[in-house]
>>> print(open('protein.txt').read())   # compact mmCIF, C-alpha atoms
# COMPACT_ATOMS: atom_id res chain seq x y z
CA MET A 1 0.00 0.00 0.00
CA GLU A 2 1.16 3.49 -0.86
CA ARG A 3 2.42 5.44 2.17
CA ILE A 4 4.07 8.74 2.98
CA PRO A 5 7.34 8.13 4.89
CA ILE A 6 7.68 9.37 8.46
CA LEU A 7 11.22 10.10 9.66
CA LYS A 8 12.25 10.15 13.30
CA MET A 9 14.78 12.73 14.42
CA GLY A 10 15.39 12.72 18.14
CA ASP A 11 12.13 13.53 19.87
CA PHE A 12 10.50 14.69 16.66
CA LEU A 13 8.79 13.10 13.70
CA LEU A 14 9.26 14.63 10.26
CA VAL A 15 6.92 14.25 7.31
CA THR A 16 7.46 15.73 3.87
CA ILE A 17 4.42 15.56 1.63
CA GLN A 18 5.71 15.51 -1.93
CA VAL A 19 2.80 14.09 -3.87
CA ASP A 20 -0.69 15.25 -4.72
CA MET A 21 -2.38 13.08 -2.10
CA HIS A 22 -5.55 11.23 -2.85
CA ASP A 23 -7.93 11.09 0.08
CA GLN A 24 -7.06 7.57 1.22
CA LEU A 25 -3.36 8.43 1.32
CA ALA A 26 -4.12 11.42 3.53
CA LEU A 27 -6.17 9.25 5.89
CA THR A 28 -3.38 6.64 6.01
CA LEU A 29 -0.86 9.34 6.91
CA GLN A 30 -3.15 10.51 9.71
CA GLU A 31 -3.31 6.98 11.15
CA ASP A 32 0.41 6.25 10.65
CA LEU A 33 1.42 9.46 12.38
CA THR A 34 -0.79 8.89 15.40
CA ASP A 35 0.55 5.36 15.67
CA ARG A 36 4.18 6.55 15.43
CA ILE A 37 3.70 9.30 18.02
CA SER A 38 2.34 6.75 20.43
CA ARG A 39 5.05 4.12 19.74
CA THR A 40 8.03 6.50 19.79
CA SER A 41 6.76 8.91 22.48
CA ALA A 42 7.57 11.72 20.08
CA ARG A 43 7.19 15.24 21.49
CA GLY A 44 6.75 17.03 18.21
CA VAL A 45 5.63 16.56 14.62
CA LEU A 46 6.83 18.65 11.72
CA ILE A 47 4.89 18.46 8.46
CA ASP A 48 6.53 20.02 5.42
CA ILE A 49 3.94 20.94 2.77
CA SER A 50 6.22 23.09 0.59
CA SER A 51 5.67 20.73 -2.36
CA LEU A 52 1.89 20.83 -2.04
CA GLU A 53 0.29 22.94 -4.76
CA VAL A 54 -3.22 22.56 -3.42
CA VAL A 55 -4.65 22.37 0.08
CA ASP A 56 -8.40 21.92 -0.13
CA SER A 57 -10.83 21.54 2.78
CA PHE A 58 -10.12 17.80 2.98
CA ILE A 59 -6.35 18.20 3.34
CA GLY A 60 -6.94 21.16 5.66
CA ARG A 61 -9.12 18.99 7.85
CA MET A 62 -6.47 16.25 7.82
CA LEU A 63 -3.82 18.73 9.04
CA ALA A 64 -6.15 19.96 11.78
CA ASN A 65 -6.96 16.36 12.76
CA ILE A 66 -3.28 15.43 12.99
CA ALA A 67 -2.58 18.46 15.18
CA GLY A 68 -5.55 17.58 17.40
CA MET A 69 -4.64 13.91 17.75
CA ALA A 70 -0.99 14.77 18.39
CA ARG A 71 -2.03 17.21 21.11
CA VAL A 72 -4.04 14.52 22.86
CA LEU A 73 -0.93 12.32 22.70
CA ASP A 74 1.15 15.16 24.23
CA ALA A 75 2.96 16.15 21.03
CA VAL A 76 3.13 19.51 19.28
CA THR A 77 2.52 19.81 15.52
CA VAL A 78 3.96 22.44 13.20
CA VAL A 79 3.06 22.72 9.52
CA VAL A 80 5.78 24.41 7.48
CA GLY A 81 6.45 25.72 4.00
CA MET A 82 2.99 26.59 2.78
CA GLN A 83 3.21 28.21 -0.67
CA PRO A 84 1.86 31.80 -0.78
CA ALA A 85 -0.72 30.92 -3.46
CA VAL A 86 -1.97 28.10 -1.24
CA ALA A 87 -2.20 30.42 1.77
CA ILE A 88 -4.20 33.01 -0.20
CA THR A 89 -6.56 30.33 -1.49
CA LEU A 90 -7.04 28.72 1.93
CA VAL A 91 -8.07 31.97 3.55
CA GLU A 92 -10.47 32.79 0.72
CA LEU A 93 -11.89 29.29 1.00
CA GLY A 94 -12.62 30.11 4.63
CA LEU A 95 -10.10 27.75 6.15
CA SER A 96 -7.75 29.15 8.76
CA LEU A 97 -6.44 25.81 10.08
CA PRO A 98 -7.61 26.24 13.67
CA GLY A 99 -5.27 24.70 16.22
CA VAL A 100 -2.48 24.19 13.69
CA ARG A 101 0.82 25.95 14.28
CA THR A 102 2.62 27.07 11.17
CA ALA A 103 6.11 28.27 10.29
CA LEU A 104 7.61 29.62 7.09
CA ASN A 105 10.24 26.92 6.65
CA VAL A 106 11.69 23.77 8.23
CA GLU A 107 14.33 25.67 10.19
CA ARG A 108 11.84 27.99 11.85
CA GLY A 109 9.49 25.09 12.35
CA MET A 110 12.15 23.14 14.25
CA ASP A 111 12.83 26.20 16.43
CA LEU A 112 9.15 26.50 17.15
CA LEU A 113 8.88 22.81 18.04
CA ARG A 114 11.89 22.95 20.37
CA GLY A 115 10.52 26.07 22.03
CA ALA A 116 7.06 24.57 22.46
CA VAL A 117 8.39 21.30 23.87
CA GLU A 118 10.75 23.11 26.27
CA ALA A 119 7.91 25.31 27.47
CA ARG A 120 5.80 22.22 28.14
CA THR A 121 8.41 20.21 29.97
CA GLY A 122 10.08 23.08 31.75
CA TRP A 123 13.47 22.35 30.15
CA GLY A 124 15.71 25.34 29.90
CA SER A 125 13.68 27.36 32.37
CA ASP A 126 15.36 28.76 35.43
CA ASP A 127 12.65 28.04 37.93
CA HIS A 128 13.43 24.42 38.83
CA ARG A 129 10.63 22.89 40.71
CA ALA A 130 11.27 21.80 44.29
CA ASP A 131 9.77 18.35 43.84
CA MET B 1 -17.53 32.56 -26.73
CA ILE B 2 -15.68 29.56 -28.17
CA ILE B 3 -14.99 26.28 -26.44
CA GLU B 4 -11.41 25.48 -27.45
CA ARG B 5 -11.06 22.16 -25.72
CA THR B 6 -13.26 19.91 -23.66
CA GLU B 7 -12.70 16.74 -21.69
CA LEU B 8 -15.10 14.64 -19.65
CA LEU B 9 -13.70 12.81 -16.61
CA GLN B 10 -15.38 10.15 -14.54
CA VAL B 11 -15.50 10.75 -10.79
CA ARG B 12 -15.75 7.32 -9.18
CA ASN B 13 -13.01 7.27 -6.52
CA SER B 14 -10.52 9.54 -4.78
CA ASN B 15 -7.90 9.01 -7.51
CA ASP B 16 -10.36 10.57 -9.95
CA ILE B 17 -10.40 13.71 -7.77
CA VAL B 18 -6.62 13.89 -8.21
CA ARG B 19 -7.12 13.55 -11.98
CA VAL B 20 -9.66 16.41 -11.97
CA ARG B 21 -7.14 18.57 -10.07
CA GLN B 22 -4.36 17.70 -12.54
CA LEU B 23 -6.39 18.46 -15.66
CA THR B 24 -7.71 21.69 -14.14
CA ARG B 25 -4.12 22.68 -13.34
CA GLU B 26 -2.88 21.89 -16.88
CA TRP B 27 -5.66 23.83 -18.55
CA SER B 28 -5.45 26.73 -16.09
CA ILE B 29 -1.84 27.09 -17.22
CA ALA B 30 -2.99 26.83 -20.88
CA ALA B 31 -5.52 29.61 -20.19
CA GLY B 32 -2.70 31.82 -18.94
CA PHE B 33 -3.83 32.03 -15.31
CA SER B 34 -1.47 33.42 -12.68
CA LEU B 35 -0.23 30.95 -10.05
CA VAL B 36 -2.75 32.26 -7.50
CA ASP B 37 -5.62 31.97 -10.00
CA GLN B 38 -4.51 28.46 -10.96
CA THR B 39 -4.48 27.48 -7.30
CA LYS B 40 -7.94 28.94 -6.69
CA MET B 41 -9.45 27.15 -9.70
CA VAL B 42 -7.79 23.83 -8.85
CA THR B 43 -8.89 24.07 -5.21
CA ALA B 44 -12.49 24.86 -6.24
CA ALA B 45 -12.39 21.93 -8.69
CA SER B 46 -11.19 19.64 -5.91
CA GLU B 47 -14.05 20.70 -3.62
CA LEU B 48 -16.69 20.14 -6.31
CA ALA B 49 -15.28 16.80 -7.46
CA ARG B 50 -15.25 15.61 -3.87
CA ASN B 51 -18.88 16.67 -3.41
CA THR B 52 -19.75 14.70 -6.56
CA LEU B 53 -18.05 11.63 -5.11
CA GLU B 54 -19.09 11.93 -1.46
CA HIS B 55 -22.58 13.36 -1.72
CA GLY B 56 -23.56 12.41 -5.25
CA GLY B 57 -22.20 8.88 -5.14
CA GLY B 58 -19.96 9.58 -8.12
CA GLY B 59 -20.57 11.26 -11.46
CA THR B 60 -18.69 13.26 -14.04
CA ALA B 61 -16.52 16.35 -14.27
CA GLN B 62 -16.33 18.22 -17.55
CA VAL B 63 -13.46 20.63 -18.05
CA GLU B 64 -13.69 23.23 -20.82
CA LEU B 65 -11.11 25.72 -22.03
CA LEU B 66 -12.95 28.86 -23.12
CA ALA B 67 -11.99 31.76 -25.35
CA ASP B 68 -13.84 35.06 -25.34
CA THR B 69 -12.97 37.99 -27.61
CA ALA B 70 -10.43 39.34 -25.18
CA ARG B 71 -9.79 36.64 -22.61
CA ARG B 72 -9.58 32.96 -21.91
CA GLY B 73 -11.18 31.03 -19.16
CA LEU B 74 -11.84 27.66 -17.67
CA ARG B 75 -15.20 26.09 -16.94
CA LEU B 76 -15.82 23.03 -14.81
CA THR B 77 -19.14 21.22 -14.61
CA CYS B 78 -19.59 18.53 -11.98
CA GLU B 79 -22.67 16.39 -12.33
CA ASP B 80 -24.14 13.50 -10.39
CA ARG B 81 -27.36 11.54 -10.15
CA GLY B 82 -27.28 11.41 -6.38
CA PRO B 83 -29.90 12.45 -3.83
CA GLY B 84 -29.71 16.15 -4.67
CA ILE B 85 -29.58 19.09 -2.30
CA PRO B 86 -32.90 19.92 -0.62
CA ASP B 87 -31.91 23.44 0.49
CA ILE B 88 -29.27 25.04 -1.74
CA ALA B 89 -29.12 28.32 0.18
CA LEU B 90 -28.37 26.37 3.34
CA ALA B 91 -25.77 24.21 1.56
CA LEU B 92 -23.95 27.32 0.35
CA ARG B 93 -23.65 28.70 3.85
CA ASP B 94 -20.27 28.40 5.54
CA GLY B 95 -20.25 25.85 8.26
CA TYR B 96 -23.07 23.79 6.80
CA THR B 97 -22.25 20.16 6.22
CA SER B 98 -24.51 17.21 5.60
CA ARG B 99 -21.66 14.77 6.12
CA ASN B 100 -18.15 14.73 7.43
CA GLY B 101 -16.91 17.87 5.68
CA LEU B 102 -16.00 21.18 7.16
CA GLY B 103 -18.97 22.60 5.31
CA LEU B 104 -16.76 24.76 3.12
CA GLY B 105 -17.08 22.87 -0.12
CA LEU B 106 -19.78 24.75 -2.01
CA GLY B 107 -19.64 28.19 -0.40
CA GLY B 108 -15.86 28.10 -0.42
CA ALA B 109 -15.66 27.01 -4.06
CA ARG B 110 -18.02 29.83 -5.03
CA ARG B 111 -15.69 32.43 -3.51
CA LEU B 112 -12.73 31.10 -5.50
CA VAL B 113 -14.25 31.59 -8.97
CA ASN B 114 -15.88 34.31 -11.09
CA GLU B 115 -19.09 32.50 -12.01
CA PHE B 116 -21.00 29.88 -10.08
CA SER B 117 -24.26 28.14 -10.78
CA ILE B 118 -25.98 25.19 -9.22
CA ASP B 119 -28.94 23.12 -10.30
CA SER B 120 -30.14 20.42 -7.95
CA ARG B 121 -33.34 18.42 -7.67
CA PRO B 122 -34.05 16.10 -4.75
CA GLY B 123 -33.95 12.51 -5.96
CA GLU B 124 -32.54 13.42 -9.38
CA GLY B 125 -29.05 14.82 -8.87
CA THR B 126 -26.91 17.91 -8.80
CA ARG B 127 -25.01 19.91 -11.39
CA VAL B 128 -22.57 22.62 -10.34
CA THR B 129 -20.78 24.83 -12.87
CA ILE B 130 -17.89 27.15 -12.09
CA THR B 131 -15.97 29.46 -14.41
CA ARG B 132 -12.85 31.47 -13.87
CA TRP B 133 -11.57 34.03 -16.36
CA ARG B 134 -8.08 35.25 -16.81
>>> encode(input="protein.txt", output="structure tokens")
Amino acid sequence: MERIPILKMGDFLLVTIQVDMHDQLALTLQEDLTDRISRTSARGVLIDISSLEVVDSFIGRMLANIAGMARVLDAVTVVVGMQPAVAITLVELGLSLPGVRTALNVERGMDLLRGAVEARTGWGSDDHRAD
Amino acid sequence: MIIERTELLQVRNSNDIVRVRQLTREWSIAAGFSLVDQTKMVTAASELARNTLEHGGGGTAQVELLADTARRGLRLTCEDRGPGIPDIALALRDGYTSRNGLGLGLGGARRLVNEFSIDSRPGEGTRVTITRWR
């Protein structure tokens, strides 16, 4: 069965969507990612959509679903690399990707993930808890 | 107005939706659309083709490359023989969904194009036509 590869890098999972996904492929990715988050205890998910030329309401809903499921599994999701034409179209379509964090590129996305995970776990903060 | 090219695609599964997107993209480029206009037309086509599949139980998508005196355009007609839409005004409203969508399909698609028309009869089917001009 056709699948989109999920790479593990430290505490994070990386997905690069490089094909025009049919609906079943998008649903499979959603399931695979949730499964991988749970199995690897990943703290963050980065989804690179810079190759995607179209994000319709179905793909938009998939991204929102992934972010929601990841949150329930204690992981943060960042979607990076959205093409400007796609962003313009999404907003006109009426889709603002509620609950989905975005960043311009992979580098900024990784920064955002690290920051979000540190904020959640208290790493790097000065106020060490007494317990 | 002249129809320069026309192609009829079957919409029977989710791969067919991809095919509708691809053909709409190719012909949007042929019509001379900007990247943003291409993206809008392809996204609208994707929404309509999915409606045809999900709500209409499958059907057809006809893509037409149009030429006016001064401009070119693209027209897409999605047609099914499904249950039809009982209340079109309601279906066009943002947030309305009869199934598992976000309810953006029809209303959203309408905002992405220049012309939009819908003809639906309960029990007979639905035909939606969208046109975008360069």
>>> interface_residues(input="protein.txt", of="chain A", to="chain B", cutoff="6 Å", atoms="all atoms listed in the file", output="PDB file with C-alpha atoms, in the frame of the given file")
ATOM      1  CA  HIS A  22      -5.550  11.230  -2.850  1.00  0.00           C
ATOM      2  CA  ASP A  23      -7.930  11.090   0.080  1.00  0.00           C
ATOM      3  CA  ASP A  56      -8.400  21.920  -0.130  1.00  0.00           C
ATOM      4  CA  ALA A  85      -0.720  30.920  -3.460  1.00  0.00           C
ATOM      5  CA  THR A  89      -6.560  30.330  -1.490  1.00  0.00           C
ATOM      6  CA  LEU A  93     -11.890  29.290   1.000  1.00  0.00           C
TER       7      LEU A  93
END
>>> atom_distance(input="protein.txt", atom1="CA of Arg43 in chain A", atom2="CA of Leu7 in chain A")
13.5 Å
>>> atom_distance(input="protein.txt", atom1="CA of Asp68 in chain B", atom2="CA of Ile2 in chain B")
6.5 Å
>>> atom_distance(input="protein.txt", atom1="CA of Ile6 in chain A", atom2="CA of Val20 in chain B")
27.7 Å
>>> residues_around(input="protein.txt", residues="Pro84 in chain A", least_positions_apart="3", cutoff="12 Å", atoms="only C-alpha atoms", output="list in words")
Ile49, Ser50, Ser51, Leu52, Glu53, Val54, Val55, Val80, Gly81, Ala87, Ile88, Thr89, Leu90, Val91 and Leu104 of chain A; Leu35, Val36, Asp37, Thr39 and Lys40 of chain B
>>> residues_around(input="protein.txt", residues="range 59-65 of chain B", least_positions_apart="5", cutoff="8 Å", atoms="all atoms listed in the file", output="list in words")
Ile3, Glu4, Arg5, Thr6, Glu7, Leu8, Leu9, Gln10, Val11, Arg12, Val20, Leu23, Thr24, Trp27, Ala31, Ala49, Thr52, Leu53, Arg72, Gly73, Leu74, Arg75, Leu76, Thr77, Cys78, Glu79, Asp80 and Arg81 of chain B
>>> closest_residue(input="protein.txt", among="A:Leu95, A:Val19, A:Ala70, A:Met1", to="Gly44 in chain A", atoms="all atoms listed in the file")
A:Ala70
>>> closest_residue(input="protein.txt", among="A:Ala42, A:Val106, A:Met21, A:Ala116", to="Phe58 in chain A", atoms="all atoms listed in the file")
A:Met21
>>> decode(input="protein.txt", residues="chain A", atoms="C-alpha atoms", output="short mmCIF file (atom, residue, chain, number, x, y, z; two decimals), in the first residue's frame")
data_model
loop_
_atom_site.label_atom_id
_atom_site.label_comp_id
_atom_site.auth_asym_id
_atom_site.auth_seq_id
_atom_site.Cartn_x
_atom_site.Cartn_y
_atom_site.Cartn_z
CA MET A 1 0.00 0.00 0.00
CA GLU A 2 1.16 3.49 -0.86
CA ARG A 3 2.42 5.44 2.17
CA ILE A 4 4.07 8.74 2.98
CA PRO A 5 7.34 8.13 4.89
CA ILE A 6 7.68 9.37 8.46
CA LEU A 7 11.22 10.10 9.66
CA LYS A 8 12.25 10.15 13.30
CA MET A 9 14.78 12.73 14.42
CA GLY A 10 15.39 12.72 18.14
CA ASP A 11 12.13 13.53 19.87
CA PHE A 12 10.50 14.69 16.66
CA LEU A 13 8.79 13.10 13.70
CA LEU A 14 9.26 14.63 10.26
CA VAL A 15 6.92 14.25 7.31
CA THR A 16 7.46 15.73 3.87
CA ILE A 17 4.42 15.56 1.63
CA GLN A 18 5.71 15.51 -1.93
CA VAL A 19 2.80 14.09 -3.87
CA ASP A 20 -0.69 15.25 -4.72
CA MET A 21 -2.38 13.08 -2.10
CA HIS A 22 -5.55 11.23 -2.85
CA ASP A 23 -7.93 11.09 0.08
CA GLN A 24 -7.06 7.57 1.22
CA LEU A 25 -3.36 8.43 1.32
CA ALA A 26 -4.12 11.42 3.53
CA LEU A 27 -6.17 9.25 5.89
CA THR A 28 -3.38 6.64 6.01
CA LEU A 29 -0.86 9.34 6.91
CA GLN A 30 -3.15 10.51 9.71
CA GLU A 31 -3.31 6.98 11.15
CA ASP A 32 0.41 6.25 10.65
CA LEU A 33 1.42 9.46 12.38
CA THR A 34 -0.79 8.89 15.40
CA ASP A 35 0.55 5.36 15.67
CA ARG A 36 4.18 6.55 15.43
CA ILE A 37 3.70 9.30 18.02
CA SER A 38 2.34 6.75 20.43
CA ARG A 39 5.05 4.12 19.74
CA THR A 40 8.03 6.50 19.79
CA SER A 41 6.76 8.91 22.48
CA ALA A 42 7.57 11.72 20.08
CA ARG A 43 7.19 15.24 21.49
CA GLY A 44 6.75 17.03 18.21
CA VAL A 45 5.63 16.56 14.62
CA LEU A 46 6.83 18.65 11.72
CA ILE A 47 4.89 18.46 8.46
CA ASP A 48 6.53 20.02 5.42
CA ILE A 49 3.94 20.94 2.77
CA SER A 50 6.22 23.09 0.59
CA SER A 51 5.67 20.73 -2.36
CA LEU A 52 1.89 20.83 -2.04
CA GLU A 53 0.29 22.94 -4.76
CA VAL A 54 -3.22 22.56 -3.42
CA VAL A 55 -4.65 22.37 0.08
CA ASP A 56 -8.40 21.92 -0.13
CA SER A 57 -10.83 21.54 2.78
CA PHE A 58 -10.12 17.80 2.98
CA ILE A 59 -6.35 18.20 3.34
CA GLY A 60 -6.94 21.16 5.66
CA ARG A 61 -9.12 18.99 7.85
CA MET A 62 -6.47 16.25 7.82
CA LEU A 63 -3.82 18.73 9.04
CA ALA A 64 -6.15 19.96 11.78
CA ASN A 65 -6.96 16.36 12.76
CA ILE A 66 -3.28 15.43 12.99
CA ALA A 67 -2.58 18.46 15.18
CA GLY A 68 -5.55 17.58 17.40
CA MET A 69 -4.64 13.91 17.75
CA ALA A 70 -0.99 14.77 18.39
CA ARG A 71 -2.03 17.21 21.11
CA VAL A 72 -4.04 14.52 22.86
CA LEU A 73 -0.93 12.32 22.70
CA ASP A 74 1.15 15.16 24.23
CA ALA A 75 2.96 16.15 21.03
CA VAL A 76 3.13 19.51 19.28
CA THR A 77 2.52 19.81 15.52
CA VAL A 78 3.96 22.44 13.20
CA VAL A 79 3.06 22.72 9.52
CA VAL A 80 5.78 24.41 7.48
CA GLY A 81 6.45 25.72 4.00
CA MET A 82 2.99 26.59 2.78
CA GLN A 83 3.21 28.21 -0.67
CA PRO A 84 1.86 31.80 -0.78
CA ALA A 85 -0.72 30.92 -3.46
CA VAL A 86 -1.97 28.10 -1.24
CA ALA A 87 -2.20 30.42 1.77
CA ILE A 88 -4.20 33.01 -0.20
CA THR A 89 -6.56 30.33 -1.49
CA LEU A 90 -7.04 28.72 1.93
CA VAL A 91 -8.07 31.97 3.55
CA GLU A 92 -10.47 32.79 0.72
CA LEU A 93 -11.89 29.29 1.00
CA GLY A 94 -12.62 30.11 4.63
CA LEU A 95 -10.10 27.75 6.15
CA SER A 96 -7.75 29.15 8.76
CA LEU A 97 -6.44 25.81 10.08
CA PRO A 98 -7.61 26.24 13.67
CA GLY A 99 -5.27 24.70 16.22
CA VAL A 100 -2.48 24.19 13.69
CA ARG A 101 0.82 25.95 14.28
CA THR A 102 2.62 27.07 11.17
CA ALA A 103 6.11 28.27 10.29
CA LEU A 104 7.61 29.62 7.09
CA ASN A 105 10.24 26.92 6.65
CA VAL A 106 11.69 23.77 8.23
CA GLU A 107 14.33 25.67 10.19
CA ARG A 108 11.84 27.99 11.85
CA GLY A 109 9.49 25.09 12.35
CA MET A 110 12.15 23.14 14.25
CA ASP A 111 12.83 26.20 16.43
CA LEU A 112 9.15 26.50 17.15
CA LEU A 113 8.88 22.81 18.04
CA ARG A 114 11.89 22.95 20.37
CA GLY A 115 10.52 26.07 22.03
CA ALA A 116 7.06 24.57 22.46
CA VAL A 117 8.39 21.30 23.87
CA GLU A 118 10.75 23.11 26.27
CA ALA A 119 7.91 25.31 27.47
CA ARG A 120 5.80 22.22 28.14
CA THR A 121 8.41 20.21 29.97
CA GLY A 122 10.08 23.08 31.75
CA TRP A 123 13.47 22.35 30.15
CA GLY A 124 15.71 25.34 29.90
CA SER A 125 13.68 27.36 32.37
CA ASP A 126 15.36 28.76 35.43
CA ASP A 127 12.65 28.04 37.93
CA HIS A 128 13.43 24.42 38.83
CA ARG A 129 10.63 22.89 40.71
CA ALA A 130 11.27 21.80 44.29
CA ASP A 131 9.77 18.35 43.84
#
